[in-house]
Amino acid sequence: MKCQRAKKGSITVFLALILSLLLSLVCTSIESVRMASARTQILNGMDIGLYSVFGQYDKKLLEEYDLFALDGSMGGGQIKLAKVCDNLESYMKPVLKQNSQNLKLKQSGLTGYRLLTDNNGEVFYQQIVQYMQETLGSQGVQILLNKMSDRKRKTEEADLKASQAESGGSIDRYDAEIDQASQKSQQAAEEAEQNQQEQNQQEQVNNPITVIKRIMKMGILELVLPSGRGLSTREIDRSMLVSGRKLQQGMAMPDGVTEENSYTSNVLYQQYLMNHLGNYISPAEEGLAYPMEYIYAGKSSDFDNLKSVASKLLFIREGVNFAGLMADNVKRSEAQALATAIAAGFLVPPAAVVIETTLLLCWAFAESVLDVRELLAGGRIPLVKTSADWQISLSNLGNLMEGLDSMRRNNDHGVSYEDYLQILLLSVAKEKKVVRGMDMIENTIRNKGRAHFQMDSCIVALEAFADVKANKKKEFHVIRQYCYE
């Protein structure tokens with residue numbers, strides 16, 4: 001009997017040991033689940049905090065420029081990281097207080113952040129490119145690229161032809177050739193002196209070169225601005241903008257920004273600028289009236305920026321039109337006949353070749369003045385003209401100033417001023433276009449009532465950490481990231 005009772009007692013002790021182990025395992029599991037739940041709740045608190053902070057994006061940037069960014073300066077100009085952290089904590093703490101967990105936030109901070117202007121504006125640039133890709137779609141992007149490539153090729157050819165024509169210096173050589181040819185013939189010189197008054201009168205009536213040379217010395221805007229159109233006198237202080245001041249820098253994050261230099265992204269960025277910034281045809285209400293001209297020229301006043309664009313347009317159109325004249329046998333014959341007559345009138349037949357080339361250059365210049373004037377009036381002109389598209393005749397060159405508005409014609413199938421702006425911008429370095437784009441957005445927002453707004457205070461990505469003690473036992477260190485995509 002005693003042996004039997006001892007045996008039963010040993011079984012009870014064994015079960016007690018087993019149950020204690022099971023109870024310990026269950027308690028450990030419960031505690032582990034509790035800690036995992038605490039960690040999850042902390043991570044959720046971090047996520048909700050970051051989402052809430054970034055939910056306070058700058059509405060003006062989004063509504064007017066389709067850009068997502070958080071104004072880290074809270075309207076004050078300089079970025080305030082402490083306030084950003086305080087804001088993050090204010091959204092985290094209510095989440096940590098939920099459920100039965102005893103979670104206490106010990107400290108938090110930022111381990112990285114990215115600003116809109118970081119990497120020389122690459123962050124700004126890539127957000128815009130991504131927006132344009134999503135907006136246009138693959139088909140829209142391809143259509144835009146095809147259109148731009150064709151215009152770019154033809155404009156570059158015209159630019160080359162204009163440079164070649166200018167390097168020839170035919171207009172500058174005109175007077176020298178006339179004098180040199182005259183000196184070779186004493187008789188011609190004597191006759192020229194005796195009949196100087198008669199020749200001067202003949203030159204004034206029949207030789208348009210003198211008139212065009214005088215017109216070439218006029219101010220470019222005086223020639224090409226349409227009648228009745230005003231000219232902005234607005235100016236900016238570039239030293240106060242992105243391109244002129246020392247910028248605030250972000251703190252490096254694990255996923256760095258890779259530079260994008262493709263032709264496609266360049267075209268998409270330019271199209272974005274055309275969609276969101278003003279130009280001479282469609283002026284901006286605030287800041288500079290002609291922001292797109294600023295993107296091209298980078299000068300401090302609307303006047304100087306428009307002058308730079310108009311000068312370049314005139315130069316390009318001269319190349320196109322001069323090439324058109326050289327390929328048109330009828331017009332070349334007209335110029336040759338007039339050149340021969342002018343040379344005979346001066347009693348210097350050897351100068352006929354120089355006079356002919358000079359006439360063609362003057363003709364191309366006069367046609368180009370009408371072209372640019374039509375563009376600035378909001379019209380369109382053919383990229384490359386046929387004989388039927390020509391606006392001014394050789395016989396009318398001397399009357400150019402009287403026909404600046406009556407001679408020019410719109411062509412519905414041609415390219416517009418804004419199309420040409422896109423082409424001109426392709427020659428501007430990416431770095432300049434990016435920083436000037438930020439200049440214009442910053443300047444415009446400042447002029448709309450936010451005088452201290454700075455693009456380099458705009459946060460687009462954050463990496464934050466938090467140390468939280470759970471249930472007075474274990475302390476968790478968590479790190480989370482968030483960025484606008």
# chains A, B, ... in the order shown; residues from 1 in each chain; ligands from 1

$ select_by_dssp --residues "segment 237-432 of chain A" --states "alpha helix (DSSP H)" --output "ChimeraX atom specification"
/A:263-276,291-297,302-327,329-345,352-376,417-425,430-432

$ closest_residue --among "A:Ala341, A:Val129, A:Ile459, A:Leu397" --to "Thr264 of chain A" --atoms "only C-alpha atoms"
A:Val129

$ residues_around --residues "segment 280-282 of chain A" --least-positions-apart "5" --cutoff "12 Å" --atoms "only C-alpha atoms" --output "NGL selection string"
:A and (225-226 or 229-232 or 274-275 or 288-294 or 302-303 or 305-307 or 309-310 or 373-379 or 416-419 or 421)

$ residues_around --residues "Gln130 of chain A" --least-positions-apart "3" --cutoff "12 Å" --atoms "only C-alpha atoms" --output "PyMOL selection string"
chain A and resi 66-68+123-127+133-138+141+260+264-266+268-269+272+484-485

$ residues_around --residues "segment 207-212 of chain A" --least-positions-apart "3" --cutoff "9 Å" --atoms "only C-alpha atoms" --output "VMD selection string"
chain A and resid 171 202 to 204 215 to 217 338 to 339 342 355 358 to 359 362 to 363 365 to 366 394 to 400

$ residues_around --residues "Gly414 of chain A" --least-positions-apart "3" --cutoff "8 Å" --atoms "only C-alpha atoms" --output "JSON, numbers by chain"
{"A": [380, 381, 382, 383, 411]}

$ closest_atom_pairs --of "segment 301-337 of chain A" --to "segment 148-156 of chain A" --cutoff "9 Å" --atoms "only C-alpha atoms" --output "Markdown table"
| residue | atom | partner | partner_atom | distance |
| --- | --- | --- | --- | --- |
| A:Ile316 | CA | A:Thr155 | CA | 7.1 |
| A:Arg317 | CA | A:Thr155 | CA | 8.9 |
| A:Val320 | CA | A:Thr155 | CA | 8.2 |

$ atom_distance --atom1 "atom CA of Ser239 of chain A" --atom2 "atom CA of Asp118 of chain A"
18.5 Å

$ closest_residue --among "A:Met92, A:Val267, A:Ile392, A:Met455" --to "Met132 of chain A" --atoms "only C-alpha atoms"
A:Val267

$ residues_around --residues "Tyr65 of chain A" --least-positions-apart "5" --cutoff "12 Å" --atoms "only C-alpha atoms" --output "compact mmCIF listing (two decimals) with N, CA, C and O atoms, in the first residue's frame"
# COMPACT_ATOMS: atom_id res chain seq x y z
N ASP A 58 2.15 71.67 -49.00
CA ASP A 58 1.92 73.05 -49.40
C ASP A 58 0.84 73.09 -50.49
O ASP A 58 1.05 72.63 -51.62
N LYS A 59 -0.31 73.61 -50.15
CA LYS A 59 -1.44 73.60 -51.08
C LYS A 59 -1.19 74.47 -52.31
O LYS A 59 -1.65 74.16 -53.41
N LYS A 60 -0.50 75.57 -52.12
CA LYS A 60 -0.23 76.47 -53.25
C LYS A 60 0.65 75.78 -54.29
O LYS A 60 0.40 75.89 -55.49
N PHE A 124 13.53 68.29 -57.48
CA PHE A 124 12.50 69.09 -58.14
C PHE A 124 12.27 68.61 -59.57
O PHE A 124 11.14 68.39 -60.02
N GLN A 127 10.60 65.03 -59.84
CA GLN A 127 9.18 65.00 -59.48
C GLN A 127 8.34 65.53 -60.64
O GLN A 127 7.26 65.01 -60.93
N ILE A 128 8.85 66.55 -61.32
CA ILE A 128 8.14 67.12 -62.47
C ILE A 128 8.09 66.11 -63.62
O ILE A 128 7.05 65.92 -64.26
N TYR A 131 5.58 63.46 -62.87
CA TYR A 131 4.23 64.00 -63.02
C TYR A 131 3.83 64.06 -64.50
O TYR A 131 2.71 63.67 -64.87
N MET A 132 4.75 64.53 -65.36
CA MET A 132 4.44 64.64 -66.78
C MET A 132 4.24 63.27 -67.43
O MET A 132 3.37 63.10 -68.29
N TYR A 272 6.40 70.95 -69.09
CA TYR A 272 5.83 71.34 -67.80
C TYR A 272 5.95 72.85 -67.60
O TYR A 272 4.99 73.52 -67.18
N LEU A 273 7.13 73.39 -67.87
CA LEU A 273 7.34 74.83 -67.70
C LEU A 273 6.39 75.62 -68.59
O LEU A 273 5.81 76.63 -68.15
N MET A 274 6.22 75.16 -69.83
CA MET A 274 5.30 75.87 -70.75
C MET A 274 3.87 75.83 -70.22
O MET A 274 3.12 76.79 -70.38
N ASN A 275 3.50 74.73 -69.57
CA ASN A 275 2.13 74.58 -69.06
C ASN A 275 1.87 75.42 -67.80
O ASN A 275 0.73 75.79 -67.54
N HIS A 276 2.93 75.70 -67.04
CA HIS A 276 2.73 76.32 -65.72
C HIS A 276 3.28 77.74 -65.59
O HIS A 276 2.94 78.42 -64.61
N LEU A 277 4.12 78.17 -66.52
CA LEU A 277 4.69 79.51 -66.43
C LEU A 277 4.22 80.37 -67.61
O LEU A 277 3.86 79.84 -68.66
N GLY A 437 13.83 77.60 -63.23
CA GLY A 437 12.45 77.20 -63.00
C GLY A 437 12.07 77.36 -61.54
O GLY A 437 10.98 77.84 -61.20
N MET A 438 12.98 76.97 -60.64
CA MET A 438 12.72 77.15 -59.21
C MET A 438 12.66 78.63 -58.85
O MET A 438 11.87 79.04 -58.00
N MET A 440 11.51 81.06 -60.68
CA MET A 440 10.23 81.63 -61.09
C MET A 440 9.08 81.17 -60.20
O MET A 440 8.19 81.96 -59.85
N ILE A 441 9.10 79.92 -59.79
CA ILE A 441 8.04 79.43 -58.90
C ILE A 441 8.13 80.11 -57.54
O ILE A 441 7.13 80.58 -56.98
N GLU A 442 9.35 80.18 -57.02
CA GLU A 442 9.56 80.83 -55.73
C GLU A 442 9.15 82.31 -55.78
O GLU A 442 8.44 82.81 -54.90
N THR A 444 7.10 83.83 -57.84
CA THR A 444 5.66 84.01 -58.02
C THR A 444 4.90 83.81 -56.71
O THR A 444 4.01 84.60 -56.37
N ILE A 445 5.24 82.76 -55.98
CA ILE A 445 4.55 82.50 -54.71
C ILE A 445 4.80 83.63 -53.72
O ILE A 445 3.90 84.04 -52.98

$ closest_residue --among "A:Leu61, A:Leu325, A:Ile79, A:Val354" --to "Leu247 of chain A" --atoms "only C-alpha atoms"
A:Ile79

$ select_by_dssp --residues "segment 239-391 of chain A" --states "strand (DSSP E or B)" --output "VMD selection string"
chain A and resid 251 301 380 to 381

$ closest_residue --among "A:Gln270, A:Ser100, A:Ser387, A:Ser52" --to "Met35 of chain A" --atoms "only C-alpha atoms"
A:Ser100
